[in-house]
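Structure first, commentary second.
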Amino acid sequence: MFIERFNHIKECFEYNPSTGEGKLLQRDNQEFSGIGDVYDGTIAAIYALDKKTFLQIGTVVVDLSFNDYEFRYTHLNRGKYTNFAITKGIEFITEITYPAWMRRMKNYPIGLGLPEDDEEDFLAYVKYMLEDERRRLPLLNGLSGNS
């Protein structure tokens, strides 16, 4: 399957959901099953498979058909790192900590985040899209072909 790379219009992944691994490719005429990005070698992706939509981080897969997951997106260590975590009630599902997108900027701002998080960081975009039903349902239906 092919996954479009978030904010990289010329790149995509040939992605294997059974392993969570992918190969970075130049974008051509591939048909995409989802969107994602790579964080320190770990691919995070939202994709459609068998008329369902999944969020996968590494080898951990979450079926987004169920709306009982919570997504936390937090900047740590004065904005140097970001943590994205998934829980289901009190059950911990997974988390990933990675260098914050702001560190790519020269003289990056020290703080707890910027309004542009969801425009710059795929996992902030995921949280933004999934936390509100008005955004969540069109995203999931569009990816899975259930619109």
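Chains: A, B, ... in order of the structure tokens. Residues: from 1 per chain. Ligands: from 1, in order shown.
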Distance query A:Lys10 at most 10 Å, only C-alpha atoms, self and fewer than 3 positions along chain excluded, as an MDAnalysis selection string: chainID A and resid 4:5 7 25:28
Surrounding residues of A:Phe6 excluding itself and chain neighbours under 2 positions, 8 Å, only C-alpha atoms, as a ChimeraX atom specification: /A:4,8-9,35-37,122
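You will find atom CA of A:Gly34 at 13.9 Å from atom CA of A:Met129.
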Close residues, A:Tyr98 itself excluded, 10 Å, only C-alpha atoms, min 4 positions apart in chain, as a PyMOL selection string: chain A and resi 39-40+42+75-76+80-84
Resulting file, chosen residues, N, CA and C atoms, as a short mmCIF file (atom, residue, chain, number, x, y, z; two decimals), in the first residue's frame:
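Ended up saving to selection_25.cif:
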```
data_model
loop_
_atom_site.label_atom_id
_atom_site.label_comp_id
_atom_site.auth_asym_id
_atom_site.auth_seq_id
_atom_site.Cartn_x
_atom_site.Cartn_y
_atom_site.Cartn_z
N TYR A 39 8.99 9.39 12.30
CA TYR A 39 9.53 10.00 13.52
C TYR A 39 10.69 9.16 14.01
N ASP A 40 11.90 9.65 13.84
CA ASP A 40 13.09 8.91 14.28
C ASP A 40 13.04 7.44 13.83
N THR A 42 10.40 5.64 13.04
CA THR A 42 9.11 4.99 13.27
C THR A 42 8.05 5.67 12.43
N HIS A 75 4.05 19.06 24.25
CA HIS A 75 5.44 19.46 24.08
C HIS A 75 6.15 19.32 25.42
N LEU A 76 7.36 18.80 25.40
CA LEU A 76 8.14 18.54 26.61
C LEU A 76 9.45 19.32 26.59
N LYS A 80 11.41 21.22 23.24
CA LYS A 80 12.44 20.49 22.49
C LYS A 80 11.92 19.16 21.95
N TYR A 81 10.98 18.56 22.67
CA TYR A 81 10.45 17.25 22.28
C TYR A 81 8.92 17.29 22.30
N THR A 82 8.34 16.34 21.60
CA THR A 82 6.89 16.17 21.59
C THR A 82 6.57 14.74 21.97
N ASN A 83 5.48 14.59 22.73
CA ASN A 83 5.00 13.27 23.09
C ASN A 83 3.57 13.13 22.57
N PHE A 84 3.31 12.02 21.90
CA PHE A 84 1.97 11.69 21.45
C PHE A 84 1.61 10.37 22.09
#
```
All helix (DSSP H, G or I) positions in chain A, as a count of residues only: 29
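Restricting the calculation to only C-alpha atoms, the smallest distance between A:Gln56 and any of A:Leu143, A:Leu123, A:Cys12, A:Ala100 is found for A:Leu123.
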Selected residue of minimal separation from A:Phe71 among A:Gly142, A:Gly89, A:Gly58, A:Gly20, counting only C-alpha atoms: A:Gly89
Distance query A:Thr94 at most 8 Å, only C-alpha atoms, self and fewer than 6 positions along chain excluded, as a VMD selection string: chain A and resid 60 85 to 87
Assign secondary structure with DSSP using the backbone only, and return the residues of stretch 3-142 of chain A in strand (DSSP E or B) as a PDB file with N, CA and C atoms, in the first residue's frame.
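Result file is states15.pdb:
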```
ATOM      1  N   ILE A   3       1.299   5.265   1.171  1.00  0.00           N
ATOM      2  CA  ILE A   3       0.883   6.265   2.139  1.00  0.00           C
ATOM      3  C   ILE A   3       1.500   7.599   1.728  1.00  0.00           C
ATOM      4  N   GLU A   4       0.674   8.616   1.607  1.00  0.00           N
ATOM      5  CA  GLU A   4       1.148   9.957   1.297  1.00  0.00           C
ATOM      6  C   GLU A   4       1.907  10.507   2.502  1.00  0.00           C
ATOM      7  N   ARG A   5       3.039  11.158   2.287  1.00  0.00           N
ATOM      8  CA  ARG A   5       3.803  11.716   3.396  1.00  0.00           C
ATOM      9  C   ARG A   5       3.277  13.109   3.728  1.00  0.00           C
ATOM     10  N   GLU A  11       6.889  13.225  -1.773  1.00  0.00           N
ATOM     11  CA  GLU A  11       7.295  11.958  -1.176  1.00  0.00           C
ATOM     12  C   GLU A  11       6.100  11.138  -0.705  1.00  0.00           C
ATOM     13  N   CYS A  12       6.296   9.832  -0.674  1.00  0.00           N
ATOM     14  CA  CYS A  12       5.307   8.912  -0.116  1.00  0.00           C
ATOM     15  C   CYS A  12       6.049   7.698   0.430  1.00  0.00           C
ATOM     16  N   PHE A  13       5.303   6.805   1.050  1.00  0.00           N
ATOM     17  CA  PHE A  13       5.860   5.559   1.562  1.00  0.00           C
ATOM     18  C   PHE A  13       5.204   4.385   0.860  1.00  0.00           C
ATOM     19  N   GLU A  14       5.999   3.397   0.520  1.00  0.00           N
ATOM     20  CA  GLU A  14       5.445   2.086   0.224  1.00  0.00           C
ATOM     21  C   GLU A  14       5.394   1.410   1.588  1.00  0.00           C
ATOM     22  N   TYR A  15       4.208   1.191   2.092  1.00  0.00           N
ATOM     23  CA  TYR A  15       4.005   0.864   3.499  1.00  0.00           C
ATOM     24  C   TYR A  15       3.469  -0.548   3.672  1.00  0.00           C
ATOM     25  N   ASN A  16       4.024  -1.251   4.673  1.00  0.00           N
ATOM     26  CA  ASN A  16       3.573  -2.596   5.004  1.00  0.00           C
ATOM     27  C   ASN A  16       2.957  -2.550   6.404  1.00  0.00           C
ATOM     28  N   GLU A  21       6.541  -1.000   8.707  1.00  0.00           N
ATOM     29  CA  GLU A  21       7.719  -0.448   8.035  1.00  0.00           C
ATOM     30  C   GLU A  21       7.350   0.056   6.645  1.00  0.00           C
ATOM     31  N   GLY A  22       8.161   0.949   6.151  1.00  0.00           N
ATOM     32  CA  GLY A  22       7.909   1.496   4.828  1.00  0.00           C
ATOM     33  C   GLY A  22       9.188   1.963   4.178  1.00  0.00           C
ATOM     34  N   LYS A  23       9.085   2.126   2.889  1.00  0.00           N
ATOM     35  CA  LYS A  23      10.215   2.605   2.101  1.00  0.00           C
ATOM     36  C   LYS A  23       9.823   3.962   1.530  1.00  0.00           C
ATOM     37  N   LEU A  24      10.659   4.962   1.751  1.00  0.00           N
ATOM     38  CA  LEU A  24      10.400   6.308   1.254  1.00  0.00           C
ATOM     39  C   LEU A  24      10.630   6.343  -0.252  1.00  0.00           C
ATOM     40  N   LEU A  25       9.646   6.869  -0.980  1.00  0.00           N
ATOM     41  CA  LEU A  25       9.711   6.935  -2.435  1.00  0.00           C
ATOM     42  C   LEU A  25       9.392   8.340  -2.917  1.00  0.00           C
ATOM     43  N   GLN A  26       9.797   8.608  -4.150  1.00  0.00           N
ATOM     44  CA  GLN A  26       9.351   9.836  -4.796  1.00  0.00           C
ATOM     45  C   GLN A  26       7.907   9.620  -5.234  1.00  0.00           C
ATOM     46  N   PHE A  32      -3.127   6.386  -3.099  1.00  0.00           N
ATOM     47  CA  PHE A  32      -2.836   6.373  -1.669  1.00  0.00           C
ATOM     48  C   PHE A  32      -3.969   5.773  -0.856  1.00  0.00           C
ATOM     49  N   SER A  33      -3.571   5.012   0.166  1.00  0.00           N
ATOM     50  CA  SER A  33      -4.524   4.429   1.109  1.00  0.00           C
ATOM     51  C   SER A  33      -4.560   5.207   2.412  1.00  0.00           C
ATOM     52  N   GLY A  34      -3.704   6.210   2.539  1.00  0.00           N
ATOM     53  CA  GLY A  34      -3.669   6.978   3.767  1.00  0.00           C
ATOM     54  C   GLY A  34      -2.602   8.037   3.736  1.00  0.00           C
ATOM     55  N   ILE A  35      -2.296   8.534   4.922  1.00  0.00           N
ATOM     56  CA  ILE A  35      -1.325   9.600   5.085  1.00  0.00           C
ATOM     57  C   ILE A  35      -0.511   9.322   6.345  1.00  0.00           C
ATOM     58  N   GLY A  36       0.756   9.733   6.372  1.00  0.00           N
ATOM     59  CA  GLY A  36       1.582   9.491   7.545  1.00  0.00           C
ATOM     60  C   GLY A  36       2.878  10.262   7.499  1.00  0.00           C
ATOM     61  N   ASP A  37       3.712  10.000   8.457  1.00  0.00           N
ATOM     62  CA  ASP A  37       5.031  10.608   8.524  1.00  0.00           C
ATOM     63  C   ASP A  37       5.954   9.693   9.319  1.00  0.00           C
ATOM     64  N   VAL A  38       7.218  10.045   9.330  1.00  0.00           N
ATOM     65  CA  VAL A  38       8.205   9.218  10.023  1.00  0.00           C
ATOM     66  C   VAL A  38       8.821  10.038  11.158  1.00  0.00           C
ATOM     67  N   TYR A  39       8.988   9.387  12.300  1.00  0.00           N
ATOM     68  CA  TYR A  39       9.530  10.004  13.515  1.00  0.00           C
ATOM     69  C   TYR A  39      10.688   9.157  14.010  1.00  0.00           C
ATOM     70  N   THR A  42      10.396   5.637  13.037  1.00  0.00           N
ATOM     71  CA  THR A  42       9.109   4.989  13.269  1.00  0.00           C
ATOM     72  C   THR A  42       8.048   5.674  12.431  1.00  0.00           C
ATOM     73  N   ILE A  43       7.323   4.890  11.652  1.00  0.00           N
ATOM     74  CA  ILE A  43       6.268   5.464  10.817  1.00  0.00           C
ATOM     75  C   ILE A  43       4.956   5.486  11.589  1.00  0.00           C
ATOM     76  N   ALA A  44       4.292   6.638  11.527  1.00  0.00           N
ATOM     77  CA  ALA A  44       2.937   6.796  12.051  1.00  0.00           C
ATOM     78  C   ALA A  44       2.049   7.057  10.849  1.00  0.00           C
ATOM     79  N   ALA A  45       0.921   6.347  10.754  1.00  0.00           N
ATOM     80  CA  ALA A  45       0.060   6.483   9.580  1.00  0.00           C
ATOM     81  C   ALA A  45      -1.402   6.247   9.935  1.00  0.00           C
ATOM     82  N   ILE A  46      -2.258   6.960   9.222  1.00  0.00           N
ATOM     83  CA  ILE A  46      -3.688   6.659   9.193  1.00  0.00           C
ATOM     84  C   ILE A  46      -3.947   6.101   7.810  1.00  0.00           C
ATOM     85  N   TYR A  47      -4.586   4.927   7.762  1.00  0.00           N
ATOM     86  CA  TYR A  47      -4.825   4.313   6.453  1.00  0.00           C
ATOM     87  C   TYR A  47      -6.120   3.505   6.477  1.00  0.00           C
ATOM     88  N   ALA A  48      -6.614   3.249   5.268  1.00  0.00           N
ATOM     89  CA  ALA A  48      -7.812   2.435   5.094  1.00  0.00           C
ATOM     90  C   ALA A  48      -7.417   1.046   4.636  1.00  0.00           C
ATOM     91  N   LEU A  49      -8.082   0.058   5.209  1.00  0.00           N
ATOM     92  CA  LEU A  49      -7.865  -1.336   4.828  1.00  0.00           C
ATOM     93  C   LEU A  49      -9.160  -2.088   5.107  1.00  0.00           C
ATOM     94  N   LYS A  52     -12.148  -0.245   6.678  1.00  0.00           N
ATOM     95  CA  LYS A  52     -11.952   0.289   8.023  1.00  0.00           C
ATOM     96  C   LYS A  52     -10.765   1.243   7.977  1.00  0.00           C
ATOM     97  N   THR A  53     -10.698   2.103   8.977  1.00  0.00           N
ATOM     98  CA  THR A  53      -9.598   3.058   9.059  1.00  0.00           C
ATOM     99  C   THR A  53      -8.816   2.797  10.337  1.00  0.00           C
ATOM    100  N   PHE A  54      -7.488   2.795  10.197  1.00  0.00           N
ATOM    101  CA  PHE A  54      -6.599   2.484  11.307  1.00  0.00           C
ATOM    102  C   PHE A  54      -5.582   3.596  11.507  1.00  0.00           C
ATOM    103  N   LEU A  55      -5.154   3.749  12.738  1.00  0.00           N
ATOM    104  CA  LEU A  55      -3.998   4.570  13.087  1.00  0.00           C
ATOM    105  C   LEU A  55      -2.938   3.594  13.559  1.00  0.00           C
ATOM    106  N   GLN A  56      -1.764   3.683  12.972  1.00  0.00           N
ATOM    107  CA  GLN A  56      -0.684   2.776  13.352  1.00  0.00           C
ATOM    108  C   GLN A  56       0.557   3.594  13.651  1.00  0.00           C
ATOM    109  N   ILE A  57       1.194   3.280  14.778  1.00  0.00           N
ATOM    110  CA  ILE A  57       2.476   3.872  15.154  1.00  0.00           C
ATOM    111  C   ILE A  57       3.419   2.709  15.397  1.00  0.00           C
ATOM    112  N   VAL A  60       2.014  -0.862  16.597  1.00  0.00           N
ATOM    113  CA  VAL A  60       0.772  -0.747  17.363  1.00  0.00           C
ATOM    114  C   VAL A  60      -0.322  -0.194  16.457  1.00  0.00           C
ATOM    115  N   VAL A  61      -1.430  -0.937  16.364  1.00  0.00           N
ATOM    116  CA  VAL A  61      -2.534  -0.590  15.462  1.00  0.00           C
ATOM    117  C   VAL A  61      -3.790  -0.297  16.279  1.00  0.00           C
ATOM    118  N   VAL A  62      -4.446   0.814  15.960  1.00  0.00           N
ATOM    119  CA  VAL A  62      -5.687   1.208  16.617  1.00  0.00           C
ATOM    120  C   VAL A  62      -6.775   1.284  15.551  1.00  0.00           C
ATOM    121  N   ASP A  63      -7.863   0.559  15.768  1.00  0.00           N
ATOM    122  CA  ASP A  63      -9.010   0.582  14.853  1.00  0.00           C
ATOM    123  C   ASP A  63      -9.846   1.819  15.181  1.00  0.00           C
ATOM    124  N   GLU A  70      -8.428   8.122  23.437  1.00  0.00           N
ATOM    125  CA  GLU A  70      -8.034   9.501  23.707  1.00  0.00           C
ATOM    126  C   GLU A  70      -6.622   9.697  23.181  1.00  0.00           C
ATOM    127  N   PHE A  71      -6.380  10.865  22.604  1.00  0.00           N
ATOM    128  CA  PHE A  71      -5.090  11.179  22.008  1.00  0.00           C
ATOM    129  C   PHE A  71      -4.523  12.392  22.735  1.00  0.00           C
ATOM    130  N   ARG A  72      -3.291  12.266  23.198  1.00  0.00           N
ATOM    131  CA  ARG A  72      -2.626  13.360  23.911  1.00  0.00           C
ATOM    132  C   ARG A  72      -1.411  13.799  23.105  1.00  0.00           C
ATOM    133  N   TYR A  73      -1.309  15.090  22.912  1.00  0.00           N
ATOM    134  CA  TYR A  73      -0.198  15.685  22.169  1.00  0.00           C
ATOM    135  C   TYR A  73       0.390  16.764  23.069  1.00  0.00           C
ATOM    136  N   THR A  74       1.646  16.580  23.490  1.00  0.00           N
ATOM    137  CA  THR A  74       2.250  17.463  24.475  1.00  0.00           C
ATOM    138  C   THR A  74       3.684  17.800  24.098  1.00  0.00           C
ATOM    139  N   HIS A  75       4.046  19.062  24.250  1.00  0.00           N
ATOM    140  CA  HIS A  75       5.445  19.456  24.082  1.00  0.00           C
ATOM    141  C   HIS A  75       6.151  19.325  25.421  1.00  0.00           C
ATOM    142  N   LEU A  76       7.365  18.802  25.404  1.00  0.00           N
ATOM    143  CA  LEU A  76       8.140  18.543  26.614  1.00  0.00           C
ATOM    144  C   LEU A  76       9.451  19.316  26.587  1.00  0.00           C
ATOM    145  N   TYR A  81      10.982  18.557  22.674  1.00  0.00           N
ATOM    146  CA  TYR A  81      10.447  17.254  22.279  1.00  0.00           C
ATOM    147  C   TYR A  81       8.922  17.288  22.302  1.00  0.00           C
ATOM    148  N   THR A  82       8.341  16.336  21.601  1.00  0.00           N
ATOM    149  CA  THR A  82       6.890  16.174  21.586  1.00  0.00           C
ATOM    150  C   THR A  82       6.573  14.741  21.971  1.00  0.00           C
ATOM    151  N   ASN A  83       5.484  14.589  22.727  1.00  0.00           N
ATOM    152  CA  ASN A  83       4.998  13.268  23.092  1.00  0.00           C
ATOM    153  C   ASN A  83       3.575  13.134  22.574  1.00  0.00           C
ATOM    154  N   PHE A  84       3.312  12.023  21.901  1.00  0.00           N
ATOM    155  CA  PHE A  84       1.967  11.692  21.445  1.00  0.00           C
ATOM    156  C   PHE A  84       1.613  10.366  22.092  1.00  0.00           C
ATOM    157  N   ALA A  85       0.476  10.327  22.775  1.00  0.00           N
ATOM    158  CA  ALA A  85       0.076   9.115  23.485  1.00  0.00           C
ATOM    159  C   ALA A  85      -1.378   8.769  23.168  1.00  0.00           C
ATOM    160  N   ILE A  86      -1.662   7.482  23.197  1.00  0.00           N
ATOM    161  CA  ILE A  86      -3.019   6.982  22.979  1.00  0.00           C
ATOM    162  C   ILE A  86      -3.414   6.163  24.204  1.00  0.00           C
ATOM    163  N   THR A  87      -4.603   6.464  24.723  1.00  0.00           N
ATOM    164  CA  THR A  87      -5.168   5.686  25.814  1.00  0.00           C
ATOM    165  C   THR A  87      -6.603   5.317  25.446  1.00  0.00           C
ATOM    166  N   LYS A  88      -7.098   4.312  26.141  1.00  0.00           N
ATOM    167  CA  LYS A  88      -8.493   3.881  25.997  1.00  0.00           C
ATOM    168  C   LYS A  88      -9.022   3.744  27.415  1.00  0.00           C
ATOM    169  N   GLU A  91      -6.655   2.471  30.167  1.00  0.00           N
ATOM    170  CA  GLU A  91      -5.680   1.577  29.537  1.00  0.00           C
ATOM    171  C   GLU A  91      -4.719   2.365  28.646  1.00  0.00           C
ATOM    172  N   PHE A  92      -3.434   2.217  28.896  1.00  0.00           N
ATOM    173  CA  PHE A  92      -2.390   2.810  28.063  1.00  0.00           C
ATOM    174  C   PHE A  92      -2.222   1.955  26.809  1.00  0.00           C
ATOM    175  N   ILE A  93      -2.256   2.594  25.624  1.00  0.00           N
ATOM    176  CA  ILE A  93      -2.100   1.860  24.371  1.00  0.00           C
ATOM    177  C   ILE A  93      -0.673   1.996  23.847  1.00  0.00           C
ATOM    178  N   THR A  94      -0.236   3.225  23.597  1.00  0.00           N
ATOM    179  CA  THR A  94       1.126   3.453  23.114  1.00  0.00           C
ATOM    180  C   THR A  94       1.462   4.931  23.231  1.00  0.00           C
ATOM    181  N   GLU A  95       2.747   5.224  23.078  1.00  0.00           N
ATOM    182  CA  GLU A  95       3.196   6.609  23.005  1.00  0.00           C
ATOM    183  C   GLU A  95       4.495   6.665  22.227  1.00  0.00           C
ATOM    184  N   ILE A  96       4.779   7.849  21.727  1.00  0.00           N
ATOM    185  CA  ILE A  96       6.028   8.087  21.010  1.00  0.00           C
ATOM    186  C   ILE A  96       6.514   9.483  21.395  1.00  0.00           C
ATOM    187  N   THR A  97       7.794   9.598  21.659  1.00  0.00           N
ATOM    188  CA  THR A  97       8.411  10.888  21.962  1.00  0.00           C
ATOM    189  C   THR A  97       9.472  11.136  20.908  1.00  0.00           C
ATOM    190  N   TYR A  98       9.494  12.350  20.370  1.00  0.00           N
ATOM    191  CA  TYR A  98      10.370  12.670  19.245  1.00  0.00           C
ATOM    192  C   TYR A  98      10.720  14.147  19.278  1.00  0.00           C
ATOM    193  N   PRO A  99      11.791  14.558  18.566  1.00  0.00           N
ATOM    194  CA  PRO A  99      12.147  15.977  18.509  1.00  0.00           C
ATOM    195  C   PRO A  99      10.986  16.801  17.944  1.00  0.00           C
TER     196      PRO A  99
END
```
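Across the model, the gap from atom CA of A:Ile90 to atom CA of A:Lys51 is 28.3 Å.
The spacing separating atom CA of A:Asp50 from atom CA of A:Leu64 amounts to 12.8 Å.
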